[in-house]
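For reference, the structure discussed in these notes is given below.
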Amino acid sequence: MTTTGTNLLLSHILNFLSPPRFSPSKTSTQPPTIIALSGPQGSGKTTITHHLATAFRAPPYSLYVAVLSIDDLYLRRHDQLLLAAAHPDNKLFSHRGEPGTHDLALAARVFDTLLSRDDEVVLPVFDKSLHDGAGNRIEGGVSVDGKKVDVLIFEGWCVGFRALQDDEVVRKYEQGMGSGNPLESLLEVNNALKGYDVLTDRFDLLIHIDAEDIGYVYEWRLQQEHAMIAAKGMGMSDAQVVEFVDGYMPGYELYVENLRKGAFKEKGRQLRVVIGRERETVKVEEL
């Protein structure tokens, strides 16, 4: 995303940050503002998050910004293997990715401690390069001063997704959505997604980076994996990446349509930014 695009996001977000946060004598009685950033793999979420955090940490804002990815909330490797074993007929639970493969109890604790302004909050970290690309959460994490956090940027590929009614899942399945997965598998993922409202309902605003063509995700995710292998010497093969992305497609097919209409009842809390293959901004709309 260009500098112009980043400035557009900054301008939108500023509408949700109260002036006392920018005062040199500000107090820390307010809970942090939670900025959710949703977008498919490789769409530039990490880069956008970095630009936003850097801008808000610098003058004239000088805010204390914490950053958390939904990827860092994936189940530990051991727990992921247990989940897969408990659902042997559901390949969507065979590896990290779809709703149901995140540690929602951990996520709720992190949000609760941040919103209650505890002294220290440990943000989890998931290393995707471990176990030949299957990944695992590492011990410890990143500590932040809960009493000082002004803003939490929470980013992820399925951030803001809302569960559908079962009959809607059936309808989409009958229309050929779900990437060939059995209906029962899709319903299990949809049931798991219901628990994610404990996070979504706490967002103050949501920025949705939407791909003009969801097929771009395969190309973008391959770019990401190649970069990680170059940096860490470990990761998935190209064939494994394609198979891995296949596991995310049901989520895009089932839930992005509604996300494009808005994740909240209140209008004005969501910004949709449509991007092209080169991640250029194609369209922006407020929902």
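Ordering of the structure tokens sets the chain letters (A, B, ...); residue numbers start at 1 within each chain; ligands are numbered from 1 in the order shown.
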**Test item: residues at most 10 Å from A:Tyr196, only C-alpha atoms, excluding those fewer than 6 positions along its chain, as a list in words** =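 The contact residues come out as Pro99, Gly100, His102, Leu104, Ala107, Ala108, Cys158, Val159, Gly160, Phe161, Arg162 and Ala163 of chain A.
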Store the residues picked out above, limited to N, CA, C and O atoms, as a PDB file, in the first residue's frame.
ATOM      1  N   PRO A  99     -10.879 -21.063  11.495  1.00  0.00           N
ATOM      2  CA  PRO A  99     -11.453 -20.903  12.827  1.00  0.00           C
ATOM      3  C   PRO A  99     -11.632 -22.270  13.483  1.00  0.00           C
ATOM      4  O   PRO A  99     -12.108 -23.223  12.860  1.00  0.00           O
ATOM      5  N   GLY A 100     -11.227 -22.347  14.733  1.00  0.00           N
ATOM      6  CA  GLY A 100     -11.215 -23.612  15.445  1.00  0.00           C
ATOM      7  C   GLY A 100      -9.804 -24.050  15.775  1.00  0.00           C
ATOM      8  O   GLY A 100      -9.599 -24.895  16.643  1.00  0.00           O
ATOM      9  N   HIS A 102      -7.453 -21.808  16.717  1.00  0.00           N
ATOM     10  CA  HIS A 102      -6.878 -20.775  17.577  1.00  0.00           C
ATOM     11  C   HIS A 102      -7.233 -21.043  19.036  1.00  0.00           C
ATOM     12  O   HIS A 102      -8.249 -21.678  19.325  1.00  0.00           O
ATOM     13  N   LEU A 104      -8.802 -19.698  21.807  1.00  0.00           N
ATOM     14  CA  LEU A 104      -9.704 -18.591  22.146  1.00  0.00           C
ATOM     15  C   LEU A 104      -9.639 -18.221  23.623  1.00  0.00           C
ATOM     16  O   LEU A 104      -9.835 -17.062  23.980  1.00  0.00           O
ATOM     17  N   ALA A 107      -6.765 -15.967  23.851  1.00  0.00           N
ATOM     18  CA  ALA A 107      -7.116 -14.693  23.222  1.00  0.00           C
ATOM     19  C   ALA A 107      -7.964 -13.835  24.151  1.00  0.00           C
ATOM     20  O   ALA A 107      -7.713 -12.633  24.313  1.00  0.00           O
ATOM     21  N   ALA A 108      -8.956 -14.452  24.775  1.00  0.00           N
ATOM     22  CA  ALA A 108      -9.833 -13.708  25.688  1.00  0.00           C
ATOM     23  C   ALA A 108      -9.052 -13.170  26.883  1.00  0.00           C
ATOM     24  O   ALA A 108      -9.285 -12.038  27.326  1.00  0.00           O
ATOM     25  N   CYS A 158      -8.687 -13.899   9.216  1.00  0.00           N
ATOM     26  CA  CYS A 158     -10.118 -14.112   9.462  1.00  0.00           C
ATOM     27  C   CYS A 158     -10.672 -13.165  10.513  1.00  0.00           C
ATOM     28  O   CYS A 158     -11.778 -13.374  11.014  1.00  0.00           O
ATOM     29  N   VAL A 159      -9.918 -12.135  10.839  1.00  0.00           N
ATOM     30  CA  VAL A 159     -10.379 -11.149  11.817  1.00  0.00           C
ATOM     31  C   VAL A 159     -11.655 -10.479  11.292  1.00  0.00           C
ATOM     32  O   VAL A 159     -11.702 -10.014  10.155  1.00  0.00           O
ATOM     33  N   GLY A 160     -12.685 -10.458  12.110  1.00  0.00           N
ATOM     34  CA  GLY A 160     -13.942  -9.846  11.713  1.00  0.00           C
ATOM     35  C   GLY A 160     -14.944 -10.798  11.098  1.00  0.00           C
ATOM     36  O   GLY A 160     -16.107 -10.427  10.882  1.00  0.00           O
ATOM     37  N   PHE A 161     -14.533 -12.030  10.820  1.00  0.00           N
ATOM     38  CA  PHE A 161     -15.490 -13.006  10.279  1.00  0.00           C
ATOM     39  C   PHE A 161     -16.563 -13.292  11.324  1.00  0.00           C
ATOM     40  O   PHE A 161     -16.268 -13.428  12.515  1.00  0.00           O
ATOM     41  N   ARG A 162     -17.798 -13.400  10.867  1.00  0.00           N
ATOM     42  CA  ARG A 162     -18.916 -13.767  11.732  1.00  0.00           C
ATOM     43  C   ARG A 162     -19.500 -15.096  11.247  1.00  0.00           C
ATOM     44  O   ARG A 162     -19.616 -15.322  10.039  1.00  0.00           O
ATOM     45  N   ALA A 163     -19.886 -15.953  12.172  1.00  0.00           N
ATOM     46  CA  ALA A 163     -20.493 -17.233  11.815  1.00  0.00           C
ATOM     47  C   ALA A 163     -21.818 -17.010  11.102  1.00  0.00           C
ATOM     48  O   ALA A 163     -22.525 -16.021  11.332  1.00  0.00           O
TER      49      ALA A 163
END
**Request:** Just the residues within 12 Å of A:His95, please, counting only C-alpha atoms, with nothing from its chain fewer than 4 positions along; format it as a count of residues only.
**Result:** 33
**Message:** Need to verify the contact set: stretch 52-59 of chain A, 10 Å, only C-alpha atoms, exclusion of same-chain residues closer than 4 positions in sequence. Can you return it as a list in words?
**Reply:** Thr6, Asn7, Leu9, Leu10, Ile13, Leu14, Phe22, Thr46, Thr47, Ile48, Leu63, Tyr64, Val65, Ala66, Val67, Asp150, Val151, Leu152 and Ile153 of chain A
**Request:** Go through A:Leu199, A:Glu188, A:Ala211, A:Leu183 one by one, measure the shortest atom-to-atom distance of each to A:Arg277 using only C-alpha atoms, and give the residue with the smallest value.
**Result:** A:Ala211
**Message:** If DSSP is run on the backbone, what residues of stretch 32-251 of chain A are strand (DSSP E or B)? A reply as JSON, numbers by chain would be ideal.
**Reply:** {"A": [33, 34, 35, 36, 37, 38, 65, 66, 67, 68, 69, 74, 102, 120, 121, 122, 123, 126, 127, 136, 137, 142, 143, 144, 145, 151, 152, 153, 154, 155, 156, 205, 206, 207, 208, 209, 210, 211]}
Residue subset to file, keeping N, CA, C and O atoms, as a compact mmCIF listing (two decimals), in the first residue's frame:
# COMPACT_ATOMS: atom_id res chain seq x y z
N THR A 33 -7.80 1.54 22.62
CA THR A 33 -8.62 1.44 21.42
C THR A 33 -8.15 0.22 20.63
O THR A 33 -6.96 0.07 20.36
N ILE A 34 -9.08 -0.65 20.25
CA ILE A 34 -8.71 -1.87 19.52
C ILE A 34 -9.01 -1.66 18.04
O ILE A 34 -10.17 -1.52 17.64
N ILE A 35 -7.94 -1.64 17.26
CA ILE A 35 -8.03 -1.50 15.81
C ILE A 35 -7.84 -2.88 15.20
O ILE A 35 -6.78 -3.49 15.35
N ALA A 36 -8.87 -3.38 14.54
CA ALA A 36 -8.77 -4.68 13.89
C ALA A 36 -8.40 -4.48 12.42
O ALA A 36 -8.91 -3.57 11.75
N LEU A 37 -7.51 -5.32 11.93
CA LEU A 37 -7.07 -5.26 10.53
C LEU A 37 -7.22 -6.64 9.93
O LEU A 37 -6.55 -7.59 10.34
N SER A 38 -8.12 -6.76 8.97
CA SER A 38 -8.41 -8.04 8.35
C SER A 38 -7.97 -8.02 6.89
O SER A 38 -8.07 -7.00 6.21
N VAL A 65 1.63 1.79 21.45
CA VAL A 65 0.92 0.87 20.55
C VAL A 65 1.40 -0.55 20.76
O VAL A 65 2.60 -0.83 20.71
N ALA A 66 0.47 -1.45 21.00
CA ALA A 66 0.77 -2.89 21.06
C ALA A 66 0.22 -3.54 19.80
O ALA A 66 -0.80 -3.09 19.25
N VAL A 67 0.90 -4.57 19.33
CA VAL A 67 0.51 -5.26 18.10
C VAL A 67 0.36 -6.75 18.38
O VAL A 67 1.22 -7.36 19.03
N LEU A 68 -0.72 -7.32 17.89
CA LEU A 68 -0.96 -8.76 18.05
C LEU A 68 -1.58 -9.30 16.77
O LEU A 68 -2.48 -8.69 16.19
N SER A 69 -1.08 -10.45 16.32
CA SER A 69 -1.65 -11.13 15.16
C SER A 69 -2.48 -12.31 15.63
O SER A 69 -2.13 -12.99 16.60
N TYR A 74 -2.61 -19.17 17.40
CA TYR A 74 -2.80 -20.55 16.99
C TYR A 74 -2.51 -21.49 18.15
O TYR A 74 -1.68 -21.20 19.03
N HIS A 102 -7.45 -21.81 16.72
CA HIS A 102 -6.88 -20.78 17.58
C HIS A 102 -7.23 -21.04 19.04
O HIS A 102 -8.25 -21.68 19.33
N GLU A 120 1.32 -5.82 33.60
CA GLU A 120 2.09 -6.44 32.53
C GLU A 120 1.20 -7.39 31.75
O GLU A 120 0.45 -8.17 32.33
N VAL A 121 1.29 -7.31 30.44
CA VAL A 121 0.54 -8.20 29.56
C VAL A 121 1.55 -8.88 28.65
O VAL A 121 2.37 -8.21 28.01
N VAL A 122 1.49 -10.20 28.60
CA VAL A 122 2.39 -10.95 27.72
C VAL A 122 1.64 -11.34 26.46
O VAL A 122 0.65 -12.08 26.52
N LEU A 123 2.10 -10.83 25.34
CA LEU A 123 1.49 -11.15 24.06
C LEU A 123 2.16 -12.40 23.48
O LEU A 123 3.39 -12.45 23.38
N PHE A 126 3.86 -16.83 17.79
CA PHE A 126 3.83 -18.11 17.09
C PHE A 126 4.88 -18.08 15.99
O PHE A 126 4.89 -17.18 15.15
N ASP A 127 5.77 -19.06 15.98
CA ASP A 127 6.84 -19.14 14.99
C ASP A 127 6.43 -20.12 13.90
O ASP A 127 6.41 -21.34 14.10
N ASN A 136 4.73 -23.44 15.66
CA ASN A 136 4.43 -23.69 17.06
C ASN A 136 4.55 -22.37 17.82
O ASN A 136 5.32 -21.48 17.42
N ARG A 137 3.79 -22.25 18.89
CA ARG A 137 3.92 -21.07 19.75
C ARG A 137 5.19 -21.22 20.58
O ARG A 137 5.46 -22.31 21.10
N VAL A 142 5.94 -11.47 24.14
CA VAL A 142 6.36 -10.07 24.18
C VAL A 142 5.60 -9.37 25.31
O VAL A 142 4.36 -9.36 25.32
N SER A 143 6.32 -8.81 26.26
CA SER A 143 5.69 -8.12 27.38
C SER A 143 5.44 -6.66 27.05
O SER A 143 6.30 -5.98 26.49
N VAL A 144 4.24 -6.20 27.39
CA VAL A 144 3.90 -4.78 27.23
C VAL A 144 3.34 -4.28 28.55
O VAL A 144 2.83 -5.05 29.37
N ASP A 145 3.46 -2.99 28.76
CA ASP A 145 2.96 -2.35 29.97
C ASP A 145 1.47 -2.06 29.79
O ASP A 145 1.08 -1.13 29.09
N VAL A 151 -3.31 1.89 22.20
CA VAL A 151 -3.88 1.28 21.01
C VAL A 151 -3.38 -0.15 20.88
O VAL A 151 -2.19 -0.42 21.07
N LEU A 152 -4.30 -1.06 20.56
CA LEU A 152 -3.93 -2.41 20.17
C LEU A 152 -4.32 -2.60 18.71
O LEU A 152 -5.49 -2.39 18.34
N ILE A 153 -3.35 -2.96 17.88
CA ILE A 153 -3.64 -3.32 16.50
C ILE A 153 -3.68 -4.84 16.44
O ILE A 153 -2.69 -5.50 16.72
N PHE A 154 -4.84 -5.37 16.08
CA PHE A 154 -5.04 -6.82 16.04
C PHE A 154 -5.31 -7.22 14.60
O PHE A 154 -6.32 -6.84 14.01
N GLU A 155 -4.37 -7.96 14.01
CA GLU A 155 -4.50 -8.27 12.58
C GLU A 155 -4.58 -9.76 12.32
O GLU A 155 -4.08 -10.57 13.11
N GLY A 156 -5.19 -10.12 11.20
CA GLY A 156 -5.28 -11.52 10.84
C GLY A 156 -6.19 -11.77 9.65
O GLY A 156 -7.01 -10.92 9.28
N LEU A 205 -12.94 -0.48 15.80
CA LEU A 205 -13.08 -0.29 14.36
C LEU A 205 -12.35 -1.41 13.65
O LEU A 205 -11.53 -2.12 14.23
N LEU A 206 -12.69 -1.58 12.38
CA LEU A 206 -12.10 -2.65 11.59
C LEU A 206 -11.73 -2.13 10.21
O LEU A 206 -12.53 -1.44 9.56
N ILE A 207 -10.53 -2.45 9.78
CA ILE A 207 -10.07 -2.12 8.42
C ILE A 207 -9.96 -3.44 7.67
O ILE A 207 -9.25 -4.36 8.09
N HIS A 208 -10.69 -3.55 6.58
CA HIS A 208 -10.71 -4.78 5.79
C HIS A 208 -9.95 -4.56 4.49
O HIS A 208 -10.38 -3.81 3.62
N ILE A 209 -8.80 -5.22 4.37
CA ILE A 209 -8.04 -5.20 3.12
C ILE A 209 -8.56 -6.36 2.28
O ILE A 209 -8.37 -7.53 2.62
N ASP A 210 -9.25 -6.05 1.20
CA ASP A 210 -9.97 -7.04 0.41
C ASP A 210 -9.31 -7.22 -0.96
O ASP A 210 -9.05 -6.23 -1.66
N ALA A 211 -9.02 -8.45 -1.33
CA ALA A 211 -8.39 -8.72 -2.62
C ALA A 211 -9.41 -8.60 -3.75
O ALA A 211 -10.52 -9.13 -3.65
**Close residues, stretch 168-180 of chain A itself excluded, 8 Å, only C-alpha atoms, min 2 positions apart in chain, as a PyMOL selection string** = chain A and resi 164-166+182-183+186-187+190+246+249-251+253-254
Okay, now the selection with C-alpha atoms, as a PDB file, in the first residue's frame?
ATOM      1  CA  LEU A 164     -23.416 -17.910   9.507  1.00  0.00           C
ATOM      2  CA  GLN A 165     -26.686 -19.610  10.246  1.00  0.00           C
ATOM      3  CA  ASP A 166     -26.375 -23.319   9.459  1.00  0.00           C
ATOM      4  CA  PRO A 182     -17.750 -32.043   3.107  1.00  0.00           C
ATOM      5  CA  LEU A 183     -20.689 -30.093   4.478  1.00  0.00           C
ATOM      6  CA  LEU A 186     -17.803 -26.673   6.977  1.00  0.00           C
ATOM      7  CA  LEU A 187     -20.451 -26.760   9.692  1.00  0.00           C
ATOM      8  CA  ASN A 190     -18.763 -22.445  11.316  1.00  0.00           C
ATOM      9  CA  ASP A 246      -6.312 -24.491  -0.043  1.00  0.00           C
ATOM     10  CA  MET A 249     -10.255 -20.990   0.855  1.00  0.00           C
ATOM     11  CA  PRO A 250     -13.444 -22.274   2.522  1.00  0.00           C
ATOM     12  CA  GLY A 251     -13.193 -19.392   4.989  1.00  0.00           C
ATOM     13  CA  GLU A 253     -15.734 -18.406   0.243  1.00  0.00           C
ATOM     14  CA  LEU A 254     -18.092 -18.605   3.200  1.00  0.00           C
TER      15      LEU A 254
END
**Asked** atom CA of A:Asp89 to atom CA of A:Gly42: how many Å, to one decimal?
**Response**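 About the pair atom CA of A:Asp89 and atom CA of A:Gly42: they are 28.7 Å apart.
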**Item:** Near-A:His12 list (8 Å; only C-alpha atoms; drop same-chain fewer than 4 positions) as a VMD selection string
**Value:** chain A and resid 8 16 271
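Proximity ranking of A:Arg96, A:Arg202, A:Lys45, A:Lys232 relative to A:Leu115 places A:Arg202 first, based on only C-alpha atoms.
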**Prompt:** Hey, which of A:Trp157, A:Glu257, A:Met1, A:Asp72 ends up closest to A:Gly276? Count only C-alpha atoms.
**Reply:**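 Among the listed residues, the smallest separation from A:Gly276 belongs to A:Met1.
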**Request:** Name the residues of stretch 13-207 of chain A that come out as helix (DSSP H, G or I) in a backbone DSSP run; write them as a VMD selection string.
**Result:** chain A and resid 13 to 14 19 to 22 45 to 57 70 to 73 77 to 86 91 to 93 104 to 115 131 to 133 166 to 174 183 to 200
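Taking only C-alpha atoms into account, A:Ser116 lies nearest to A:Pro31 out of the set A:Gly39, A:Val242, A:Ser62, A:Pro31.
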**Asked** For A:Arg117, which of A:Ala86, A:Ile70, A:Val149, A:Leu287 is the closest residue, counting only C-alpha atoms?
**Response** A:Val149
**Message:** Could you tell me how far atom CA of A:Glu278 sits from atom CA of A:Asn15, in Å to one decimal place?
**Reply:**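 Taking atom CA of A:Asn15 as the start and atom CA of A:Glu278 as the end point, the length is 28.8 Å.
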**Request:** Quick one: pull the distance between atom CA of A:Glu285 and atom CA of A:Leu222, Å, one decimal.
**Result:**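 Going from atom CA of A:Glu285 over to atom CA of A:Leu222 covers 28.7 Å.
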**Residue with smallest distance to A:Gln30 - pool A:Leu114, A:Tyr216, A:His226, A:Val125, counting only C-alpha atoms** =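 That would be A:Leu114, the residue with the smallest distance to A:Gln30.
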